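*Asks:* Structure below; questions to follow.
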Amino acid sequence: MNRSGTGGAPTAATVCVIGAGLSGLAAAHALSAAGIDFVCLEKAPDVGGIWRRPGAGEPGPGYESLHLNTAKQLTGYSGFPMPPELPLYPRHSDVAAYLRSFAEWAGLPPRIELRTEVLSVHQGDDKDDNVWTVTSRDAGGGVTERRFGHVVVASGHNTEPSLPDPLPPGAGSFTGRILHSMDYRDGGDFAGQRVVVVGLGASAVDIAADLSRHAARTLLSVRRGLHIVPKQLFGTSVDLIADAPWWSEMSFPEQRRFVEQSLLVARGKLSDYGLPEPDHPVFSSAVTISDEILSRIRHGGVVPRPAIASLDGGKVSFTDGTTEEADAIVYCTGFRMAFPFLPAGCPAGPRQGPVELYERVVAPDRAGLYFVGLIRPHGSVTRLVEAQSRWVARIVAGEVTLPTPEAMREEVDTYLSGIEARYGMTEGACIQVDVGPYLSELRELDGA
């Protein structure tokens, strides 16, 4: 029912998809192809998620220099490849245009309600009641309640910025700006300034490289070493290497040894660049994909520094005893997974502890609740979310019978035990997957 009395009758549907970014569009397409009635709710004015936001100027993890880190051949949807005229690693605006074209090609726009924010998603008092109530607010402020048999959460997990808690001593006295990568748009905004970038993940190295072409001085403050992998090895995109049959035939220790030896040949030791060496083998933590950062360091555009020890006025002191004047500090320290519309007790809802989803998709104790794209692979996510979506569509259609909640929880426990042994149990690690093995699992589940 429409509680506010504005906007007319809501669309009737079996499934509610939340989000119209890359994952949400994959879910919508799979449901449409299966002939399942659905509605997709997206709070932004257009589809495309983080890829359209830099150009749209909306808050989000995107920035003007954002490009794909994965090859376009593996990032485009099956049946609708990226245009051949695009470069191997397209810019954010090209990806946004591609996602819009995909939505139109798949006939999805009539089922997508833009400028519609999901306020809450809740189940009946009896968890065995397969009815979900979704409350949303449209652009005019009208609040609508709708009931669905199934809800697919595909709204992304880079939503709530994570800053160090506490900030370094003296942060309150710092005379410059302290911001998160969520607030960063373009290096030109910092022309002539002295900027410290904190972190060594994808956004940190992208932003540091971008700043180095505009700022008077760019420092990269790194607490812990990570493996930095170029986008290409031996002239081939690394994710295309990982997709090759000969790679899949190698054991995991052989794959790890191959990559570590290849990195030594391609770039040498990270300590040669003034960066800390990783304290873990490759693939035991997230890797950082970048063709630029090491070159910018070698050219003097980016200067590595250790962790920040304290702040005092306009001065930043580092743990090695050095001090620098700074006008701004950009914390590229990641995001917390936040789905504030979900009730307590749901996986990835208000909670403590790791995400607990059967095959990284199904909520074992919440019939009818699924997540698409709540994964972090070493490589392109597109084929994985398409496979997740096809499986969800078959579940909704009644073509797949899920195991009992007890059996699903057992699979979750086994998965998380493996994650803890390999990565340690952190929020980001608990959604890590290996592309090839996970894709094979999904295909087996789907009967493909």
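Chain labels follow the order of the structure tokens: the first chain is A, the next B, and so on; residue numbering restarts at 1 in every chain, and ligands are counted from 1 in their shown order.
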As a ChimeraX atom specification, list the residues of region 103-286 of chain A assigned to alpha helix (DSSP H) by DSSP on the backbone atoms of this structure.
*Replies:* /A:103-105,202-211,238-242,245-248,252-267
*Asks:* Once DSSP has gone over the backbone, tell me which residues of region 127-336 of chain A are in strand (DSSP E or B), as an NGL selection string.
*Replies:* :A and (132-137 or 143-148 or 150-153 or 160-161 or 177-180 or 194-198 or 217-221 or 225 or 228-229 or 232-233 or 236-237 or 278 or 288-289 or 302-305 or 308-312 or 315-318 or 323-325 or 328-331 or 335-336)
*Asks:* Write out as a PDB file with N, CA and C atoms, in the first residue's frame which residues come within 6 Å of region 44-50 of chain A when counting only C-alpha atoms, dropping same-chain ones fewer than 4 positions away.
*Replies:*
```pdb
ATOM      1  N   ALA A  20      20.778  -0.728  -8.619  1.00  0.00           N
ATOM      2  CA  ALA A  20      20.850  -0.880 -10.073  1.00  0.00           C
ATOM      3  C   ALA A  20      22.248  -0.554 -10.572  1.00  0.00           C
ATOM      4  N   GLY A  21      23.250  -1.022  -9.820  1.00  0.00           N
ATOM      5  CA  GLY A  21      24.616  -0.989 -10.306  1.00  0.00           C
ATOM      6  C   GLY A  21      24.911  -2.257 -11.081  1.00  0.00           C
ATOM      7  N   GLY A  62      33.663   6.517  -6.039  1.00  0.00           N
ATOM      8  CA  GLY A  62      34.252   6.814  -7.333  1.00  0.00           C
ATOM      9  C   GLY A  62      34.956   8.164  -7.341  1.00  0.00           C
ATOM     10  N   ALA A  96      29.991   3.529 -17.147  1.00  0.00           N
ATOM     11  CA  ALA A  96      28.633   3.976 -16.827  1.00  0.00           C
ATOM     12  C   ALA A  96      27.740   3.946 -18.067  1.00  0.00           C
ATOM     13  N   LEU A  99      26.852   0.341 -18.868  1.00  0.00           N
ATOM     14  CA  LEU A  99      25.835  -0.227 -17.991  1.00  0.00           C
ATOM     15  C   LEU A  99      24.441   0.280 -18.362  1.00  0.00           C
ATOM     16  N   LEU A 114      13.877   4.675 -10.296  1.00  0.00           N
ATOM     17  CA  LEU A 114      15.002   5.515  -9.909  1.00  0.00           C
ATOM     18  C   LEU A 114      14.576   6.524  -8.841  1.00  0.00           C
ATOM     19  N   ARG A 115      15.575   7.122  -8.192  1.00  0.00           N
ATOM     20  CA  ARG A 115      15.330   8.101  -7.121  1.00  0.00           C
ATOM     21  C   ARG A 115      14.418   7.517  -6.046  1.00  0.00           C
TER      22      ARG A 115
END
```
*Asks:* If you measure from CA of Glu160 (chain A) to CA of His280 (chain A), what distance in Å do you get, rounded to one decimal?
*Replies:*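 For CA of Glu160 (chain A) relative to CA of His280 (chain A), the distance reads 27.3 Å.
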*Asks:* Taking only C-alpha atoms into account, which of A:Ala242, A:Ala429, A:Val198, A:Val151 comes nearest Asn130 (chain A)?
*Replies:* A:Val151
*Asks:* Using only C-alpha atoms, which protein or nucleic acid residues come within 12 Å of Arg422 (chain A)? Drop anything in the same chain fewer than 6 positions from it, and give the result as a PyMOL selection string.
*Replies:* chain A and resi 252+280-286+415-416+429-430+432-434
*Asks:* Out of A:Gly301, A:Gly24, A:Pro403, A:Gly313, which residue has the shortest atom-to-atom distance to Pro169 (chain A) when counting only C-alpha atoms?
*Replies:* A:Gly313
*Asks:* Near Ala202 (chain A), within 8 Å and counting only C-alpha atoms, which residues show up once chain neighbours fewer than 4 positions away are dropped, as a ChimeraX atom specification?
*Replies:* /A:206,288-290
*Asks:* Find the residues near Ile36 (chain A): any atom within 9 Å, counting only C-alpha atoms, skip ones fewer than 6 places away on the same chain, and give them as a ChimeraX atom specification.
*Replies:* /A:13-15,30,393,396-397
*Asks:* What does the file look like for those residues with all heavy atoms, as a short mmCIF file (atom, residue, chain, number, x, y, z; two decimals), in the first residue's frame?
*Replies:*
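Dumped to result.cif:
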```
data_model
loop_
_atom_site.label_atom_id
_atom_site.label_comp_id
_atom_site.auth_asym_id
_atom_site.auth_seq_id
_atom_site.Cartn_x
_atom_site.Cartn_y
_atom_site.Cartn_z
N ALA A 13 4.95 -7.17 -7.75
CA ALA A 13 6.06 -8.00 -8.22
C ALA A 13 6.32 -9.10 -7.21
O ALA A 13 5.93 -9.02 -6.04
CB ALA A 13 7.31 -7.15 -8.42
N THR A 14 7.00 -10.15 -7.67
CA THR A 14 7.37 -11.27 -6.81
C THR A 14 8.67 -10.98 -6.06
O THR A 14 8.84 -11.37 -4.93
CB THR A 14 7.55 -12.54 -7.66
OG1 THR A 14 6.34 -12.81 -8.35
CG2 THR A 14 7.92 -13.73 -6.80
N VAL A 15 9.58 -10.26 -6.73
CA VAL A 15 10.92 -10.04 -6.20
C VAL A 15 11.23 -8.55 -6.17
O VAL A 15 10.90 -7.82 -7.12
CB VAL A 15 11.99 -10.76 -7.07
CG1 VAL A 15 13.38 -10.61 -6.45
CG2 VAL A 15 11.64 -12.23 -7.24
N ALA A 30 18.71 -11.53 -14.99
CA ALA A 30 18.47 -12.96 -14.79
C ALA A 30 17.00 -13.22 -14.46
O ALA A 30 16.39 -14.18 -14.97
CB ALA A 30 19.36 -13.49 -13.67
N ALA A 393 17.57 -16.75 -9.54
CA ALA A 393 16.36 -16.83 -10.35
C ALA A 393 15.79 -18.24 -10.35
O ALA A 393 14.56 -18.42 -10.30
CB ALA A 393 16.68 -16.38 -11.78
N VAL A 396 14.09 -18.82 -6.98
CA VAL A 396 12.80 -18.13 -6.93
C VAL A 396 11.76 -18.88 -7.78
O VAL A 396 10.59 -19.00 -7.39
CB VAL A 396 12.95 -16.69 -7.43
CG1 VAL A 396 11.58 -16.02 -7.58
CG2 VAL A 396 13.83 -15.88 -6.48
N ALA A 397 12.20 -19.41 -8.92
CA ALA A 397 11.28 -20.13 -9.81
C ALA A 397 10.92 -21.51 -9.29
O ALA A 397 10.09 -22.20 -9.90
CB ALA A 397 11.91 -20.24 -11.20
#
```
*Asks:* Show me, as a ChimeraX atom specification, the residues that have an atom within 8 Å of Val134 (chain A) when counting only C-alpha atoms, minus same-chain residues fewer than 3 positions from it.
*Replies:* /A:118-122,145-148
*Asks:* If you keep all heavy atoms, can you produce a file of those selected residues as a tab-separated table (two decimals), in the first residue's frame?
*Replies:*
```
chain	number	residue	atom	x	y	z
A	118	VAL	N	15.44	2.74	-0.42
A	118	VAL	CA	14.87	1.73	0.47
A	118	VAL	C	15.14	2.14	1.91
A	118	VAL	O	16.30	2.35	2.32
A	118	VAL	CB	15.46	0.35	0.17
A	118	VAL	CG1	14.98	-0.67	1.19
A	118	VAL	CG2	15.09	-0.09	-1.24
A	119	LEU	N	14.09	2.26	2.68
A	119	LEU	CA	14.21	2.67	4.08
A	119	LEU	C	14.31	1.48	5.01
A	119	LEU	O	15.05	1.52	6.00
A	119	LEU	CB	13.00	3.54	4.48
A	119	LEU	CG	12.77	4.80	3.64
A	119	LEU	CD1	11.52	5.51	4.12
A	119	LEU	CD2	13.98	5.73	3.73
A	120	SER	N	13.54	0.44	4.74
A	120	SER	CA	13.59	-0.73	5.60
A	120	SER	C	13.10	-1.97	4.85
A	120	SER	O	12.31	-1.87	3.91
A	120	SER	CB	12.72	-0.53	6.86
A	120	SER	OG	11.35	-0.48	6.53
A	121	VAL	N	13.63	-3.10	5.28
A	121	VAL	CA	13.23	-4.41	4.75
A	121	VAL	C	13.03	-5.31	5.96
A	121	VAL	O	13.95	-5.49	6.75
A	121	VAL	CB	14.32	-5.00	3.83
A	121	VAL	CG1	13.94	-6.41	3.39
A	121	VAL	CG2	14.57	-4.10	2.62
A	122	HIS	N	11.84	-5.83	6.12
A	122	HIS	CA	11.64	-6.71	7.27
A	122	HIS	C	10.66	-7.82	6.95
A	122	HIS	O	9.82	-7.71	6.07
A	122	HIS	CB	11.16	-5.92	8.50
A	122	HIS	CG	9.78	-5.34	8.36
A	122	HIS	ND1	9.54	-4.09	7.83
A	122	HIS	CD2	8.56	-5.83	8.70
A	122	HIS	CE1	8.24	-3.84	7.84
A	122	HIS	NE2	7.63	-4.88	8.36
A	145	GLU	N	4.91	1.12	1.07
A	145	GLU	CA	5.15	-0.23	1.59
A	145	GLU	C	4.71	-1.24	0.56
A	145	GLU	O	3.61	-1.13	-0.01
A	145	GLU	CB	4.36	-0.47	2.88
A	145	GLU	CG	5.08	-0.10	4.14
A	145	GLU	CD	4.34	-0.60	5.38
A	145	GLU	OE1	3.34	-1.34	5.22
A	145	GLU	OE2	4.77	-0.27	6.48
A	146	ARG	N	5.57	-2.24	0.30
A	146	ARG	CA	5.22	-3.31	-0.64
A	146	ARG	C	5.62	-4.65	-0.05
A	146	ARG	O	6.60	-4.73	0.69
A	146	ARG	CB	5.90	-3.08	-1.99
A	146	ARG	CG	5.25	-2.03	-2.84
A	146	ARG	CD	6.03	-1.73	-4.10
A	146	ARG	NE	7.00	-0.67	-3.88
A	146	ARG	CZ	7.57	0.03	-4.86
A	146	ARG	NH1	7.28	-0.23	-6.12
A	146	ARG	NH2	8.43	0.98	-4.59
A	147	ARG	N	4.89	-5.67	-0.42
A	147	ARG	CA	5.18	-7.01	0.07
A	147	ARG	C	5.71	-7.87	-1.07
A	147	ARG	O	5.16	-7.86	-2.18
A	147	ARG	CB	3.91	-7.64	0.68
A	147	ARG	CG	3.50	-6.97	1.99
A	147	ARG	CD	2.05	-7.25	2.35
A	147	ARG	NE	1.81	-8.66	2.62
A	147	ARG	CZ	2.05	-9.26	3.80
A	147	ARG	NH1	2.52	-8.55	4.81
A	147	ARG	NH2	1.78	-10.53	3.96
A	148	PHE	N	6.76	-8.62	-0.77
A	148	PHE	CA	7.42	-9.46	-1.77
A	148	PHE	C	7.69	-10.84	-1.17
A	148	PHE	O	7.89	-10.98	0.04
A	148	PHE	CB	8.76	-8.85	-2.20
A	148	PHE	CG	8.66	-7.49	-2.83
A	148	PHE	CD1	8.77	-6.35	-2.05
A	148	PHE	CD2	8.45	-7.36	-4.19
A	148	PHE	CE1	8.69	-5.10	-2.62
A	148	PHE	CE2	8.37	-6.10	-4.77
A	148	PHE	CZ	8.48	-4.97	-3.98
```
*Asks:* Calculated over only C-alpha atoms, which of the candidates A:Trp246, A:Phe318, A:Phe102, A:Tyr273 has the smallest distance to Arg296 (chain A)?
*Replies:* A:Tyr273
*Asks:* Here is a test: counting only C-alpha atoms, which residue of A:Leu264, A:Cys16, A:Pro54, A:Tyr358 is nearest to Thr404 (chain A)?
*Replies:*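 Ranking A:Leu264, A:Cys16, A:Pro54, A:Tyr358 by distance to Thr404 (chain A), first place goes to A:Tyr358.
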